[in-house]
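Reading through the structure tokens given below for one structure.
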Amino acid sequence: MIGRALGSIGTSQKQNSQVARYRAPIGGVDLRKSLGDLEDPIHCIYTYNMMPFELGMRVREGYREWALDVDAGANSGVHTLIPFDSAEENNVGDKLFAVNNEGIWDVTAYDTAPTQLVTFPDQDIDAGYGTFTHYVNEAEDDVLFYADNVNGLYAYIAGVWTNTGLVTGINEVDVKFVMSHKNNIWFAVKNSTVGYYLDIKSITGTVTPQFFGDKFKHGGTLEGLFSWTVDGGSGVDDILVAVSHAGDVIMYTGAGPEAEDWGMKGIWYIGEIPNTPRFGTEQGGELLLLSSYGIVSMNDLLKGVDTNALLAAMDGTTISAKIAAAIRSDMKAKRDLRGWGVSMVPTEGGLLLETPTVGSEAPIQYYYNIATQGWGIWRGVPMECFTQFKDSVFFGTAEGKVMRMDVSVDNQLINPVNPAVNGASIDFSVLTSYRALGSAGVYKRVKFIRPDFLSNEAPLHSSQARYDFNLDEGVDFQLQTSNNITAGIWDLGRWDENVWGSDSSRTFPTLTGSWGSGRYIAIATKGTTRYRTRLLGWDVIYDTGGPMS
């Protein structure tokens, strides 16, 4: 008996735990799917600041101060940023202009006091929300046009801004929208359905009207004009697209407005346009328009995609189909507010949609990665407008600052009190889709979760199981002490205890405990980091019970 008992002590016990792999959901958010649609490894329920990206999800870029005090005393925030890529070599003449309700400012140089180049005669709080276009004629006059709904048309010619002597036939102060199509400069004006264009290859002169109003079936003024490069079946061509405030979209083709082949080729409806002139963006054969339906692709309209399908957000080819429900919700609550804008951001490999911020709510922007076709959400970036300049995203704030997104922390100051800890860590949060782990309806208990991060230093984070369609974010993270070491900070870290940063990345597979039980399991990870960080996926260690556990 004694020998038998002693022998039983060394007998190996049956392993009851199982292991599942949750990979990083590089397909991003997909709001079309039911929470009960199980076994979808590439999508997630939400993801904040942890963006769908190639090779795994990635924490968005942080931002730093670039130019301060874009303010002459009546500042209501930076409303438009205008990049100017000069025709001169070696970046000579390149400029970045910021526009607020007071005028136009030069903010090209880092840590340099902004220079006010234009003082607007009307400094209403709605001034400064404008559009711009760059045009070079045969004489190589390098011209930048700008227009907004309050102060009208301005042009930057030979290093000087002017608003007189540019056009005749319309009042320059009435011009609210400017763009170039083929070899003509086009304008939209206040309270009108008529568009106007200059003679071919001209930068000044008398304008000619183009009447659109009789084709706007749903009414509204002419809100914007866009040039769309596309292969419509007979070769690549530039198509003029006119959009009304009510959402009628008209397409014109031909060699130009004065050519014999010029004419209307189609009319579509996309829903009401938000309160912004920057509701369209063209890039690489794609024209995207922001409306109450979401982000509508002209390629889809040309191919005959029903706008009712766009509204239902069930058409997989529509770029915003996955998040159309969120955009429609924002549109319903905020369509008349300032702060909307959409544009391609090539340095980020995708598209960015900014939305208005109300009260004390966290600022929200939607980011779309073209390569993974996935949507994620930027949270906490105080963006009033944005553009791309010098291979980075720049944005303006309500406090009259211009910020550059090219660092790994948020709000990095030009003049920090303590350079070693300058800037705030970037918080991130993600909730995966729910999975049955091969046994639908059977209760499971997660014991451990092991996320795989790739970074210079381990992020502070926590991961918990969420059961049976709970949507709560992860709990506040705790400082990890057993399986990782926090990054060293000068004046705070200790030699032989802290790891000092380097340019190389390492993986951090930290094992953390979890609790609770349920039939279906998602993983909620919440964390913060001061380093460029990727999330590759999670190992989930669990055991199973029965259907009535």
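Order determines the names: the first chain of the structure tokens is A, the second B, and so forth; residues in each chain are numbered 1 upward, and ligands are numbered 1 upward as they are shown.
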Using DSSP secondary structure from the backbone, list all strand (DSSP E or B) positions within range 181-402 of chain A, as a ChimeraX atom specification.
/A:181,184-189,194-197,205-206,208-211,222-231,236-244,248-253,263-269,280-283,286-291,294-297,341-345,350-354,364-369,374-379,385-389,392-396,402
Limited to C-alpha atoms, could you put the picked residues into a file as a CSV table (one decimal), in the first residue's frame?
chain,number,residue,atom,x,y,z
A,181,HIS,CA,-9.8,70.1,-64.3
A,184,ASN,CA,-9.3,74.9,-66.7
A,185,ILE,CA,-9.6,76.5,-63.3
A,186,TRP,CA,-13.2,76.0,-62.0
A,187,PHE,CA,-15.1,77.9,-59.3
A,188,ALA,CA,-18.3,77.4,-57.3
A,189,VAL,CA,-19.9,80.5,-55.7
A,194,VAL,CA,-23.8,77.6,-61.5
A,195,GLY,CA,-20.1,76.6,-61.9
A,196,TYR,CA,-17.6,78.9,-63.6
A,197,TYR,CA,-14.4,78.3,-65.4
A,205,GLY,CA,-9.5,86.5,-66.8
A,206,THR,CA,-13.2,86.4,-67.5
A,208,THR,CA,-17.7,81.3,-68.4
A,209,PRO,CA,-20.7,79.8,-66.7
A,210,GLN,CA,-21.7,76.1,-66.7
A,211,PHE,CA,-25.3,75.5,-65.6
A,222,LEU,CA,-23.5,73.6,-56.2
A,223,GLU,CA,-21.3,72.4,-53.3
A,224,GLY,CA,-18.2,71.1,-55.0
A,225,LEU,CA,-16.4,70.1,-58.2
A,226,PHE,CA,-13.9,67.3,-58.6
A,227,SER,CA,-11.6,66.0,-61.3
A,228,TRP,CA,-11.6,62.2,-61.4
A,229,THR,CA,-9.0,60.3,-63.5
A,230,VAL,CA,-10.6,57.0,-64.5
A,231,ASP,CA,-10.6,54.4,-67.3
A,236,VAL,CA,-7.9,56.8,-69.2
A,237,ASP,CA,-9.6,60.2,-69.1
A,238,ASP,CA,-10.3,63.0,-66.6
A,239,ILE,CA,-14.0,63.3,-65.7
A,240,LEU,CA,-15.6,66.4,-64.1
A,241,VAL,CA,-17.9,65.6,-61.2
A,242,ALA,CA,-20.3,68.2,-59.8
A,243,VAL,CA,-22.0,67.6,-56.5
A,244,SER,CA,-25.0,69.5,-55.0
A,248,ASP,CA,-26.9,64.9,-56.6
A,249,VAL,CA,-23.8,63.8,-58.4
A,250,ILE,CA,-23.3,64.7,-62.1
A,251,MET,CA,-20.6,63.4,-64.3
A,252,TYR,CA,-19.3,65.3,-67.4
A,253,THR,CA,-16.8,63.9,-70.0
A,263,GLY,CA,-21.5,66.5,-72.1
A,264,MET,CA,-23.2,65.0,-69.2
A,265,LYS,CA,-22.9,61.2,-68.9
A,266,GLY,CA,-24.8,60.3,-65.7
A,267,ILE,CA,-26.6,61.4,-62.6
A,268,TRP,CA,-26.6,59.7,-59.2
A,269,TYR,CA,-27.7,60.5,-55.6
A,280,GLY,CA,-14.1,64.6,-51.6
A,281,THR,CA,-10.7,63.1,-52.3
A,282,GLU,CA,-9.2,61.7,-55.5
A,283,GLN,CA,-6.3,59.3,-55.5
A,286,GLU,CA,-10.6,56.5,-57.0
A,287,LEU,CA,-12.9,59.5,-56.2
A,288,LEU,CA,-14.4,59.2,-52.8
A,289,LEU,CA,-17.3,61.5,-51.6
A,290,LEU,CA,-18.4,61.9,-48.0
A,291,SER,CA,-22.2,62.1,-47.5
A,294,GLY,CA,-21.0,57.2,-45.7
A,295,ILE,CA,-17.9,57.4,-48.0
A,296,VAL,CA,-19.2,56.7,-51.5
A,297,SER,CA,-16.9,55.5,-54.3
A,341,GLY,CA,-12.9,66.2,-43.8
A,342,VAL,CA,-11.7,63.3,-45.9
A,343,SER,CA,-8.4,62.8,-47.7
A,344,MET,CA,-5.9,60.2,-48.7
A,345,VAL,CA,-2.8,60.1,-46.6
A,350,GLY,CA,-4.6,54.8,-46.5
A,351,LEU,CA,-7.5,57.2,-46.0
A,352,LEU,CA,-8.4,59.5,-43.1
A,353,LEU,CA,-11.8,60.8,-42.2
A,354,GLU,CA,-12.0,63.5,-39.5
A,364,ILE,CA,-12.3,60.7,-33.2
A,365,GLN,CA,-11.0,60.0,-36.7
A,366,TYR,CA,-11.5,56.9,-38.9
A,367,TYR,CA,-8.5,55.4,-40.6
A,368,TYR,CA,-8.7,53.0,-43.6
A,369,ASN,CA,-5.7,50.9,-44.6
A,374,GLY,CA,-9.4,47.5,-42.7
A,375,TRP,CA,-10.8,50.4,-40.6
A,376,GLY,CA,-9.6,51.5,-37.3
A,377,ILE,CA,-10.3,54.5,-35.0
A,378,TRP,CA,-7.9,57.2,-33.9
A,379,ARG,CA,-8.9,58.4,-30.5
A,385,CYS,CA,-8.0,69.9,-40.1
A,386,PHE,CA,-5.2,67.9,-41.6
A,387,THR,CA,-3.0,67.5,-44.7
A,388,GLN,CA,0.1,65.7,-45.8
A,389,PHE,CA,3.4,67.7,-46.0
A,392,SER,CA,4.0,63.3,-42.6
A,393,VAL,CA,0.4,64.1,-41.6
A,394,PHE,CA,0.1,67.6,-40.2
A,395,PHE,CA,-3.0,68.8,-38.4
A,396,GLY,CA,-4.3,72.0,-36.9
A,402,VAL,CA,0.1,73.0,-36.0
Residues of range 409-443 of chain A that approach range 57-79 of chain A to 6 Å or less, counting only C-alpha atoms: could you list each one with the shortest pair of atoms and its distance in Å to one decimal, rows by chain and increasing residue number, as CSV?
residue,atom,partner,partner_atom,distance
A:Val409,CA,A:Gly62,CA,4.6
A:Asp410,CA,A:Gly62,CA,4.6
A:Asn411,CA,A:Arg64,CA,5.1
A:Gln412,CA,A:Arg64,CA,4.3
A:Leu413,CA,A:Glu65,CA,5.5
A:Ile414,CA,A:Glu65,CA,5.8
Residue among A:Asn191, A:Ser408, A:Thr47, A:Ser17 lying closest to Gly474 in chain A, counting only C-alpha atoms
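When distances to Gly474 in chain A are compared using only C-alpha atoms, the smallest one comes from A:Thr47.
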Separation of CA of Pro52 in chain A and CA of Lys390 in chain A, in Å?
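We find that CA of Pro52 in chain A and CA of Lys390 in chain A lie 23.6 Å from each other.
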Out of A:Gly103, A:Pro277, A:Gly36, A:Gly537, which residue has the shortest atom-to-atom distance to Asn149 in chain A when counting only C-alpha atoms?
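Comparing A:Gly103, A:Pro277, A:Gly36, A:Gly537 against Asn149 in chain A, the winner is A:Pro277.
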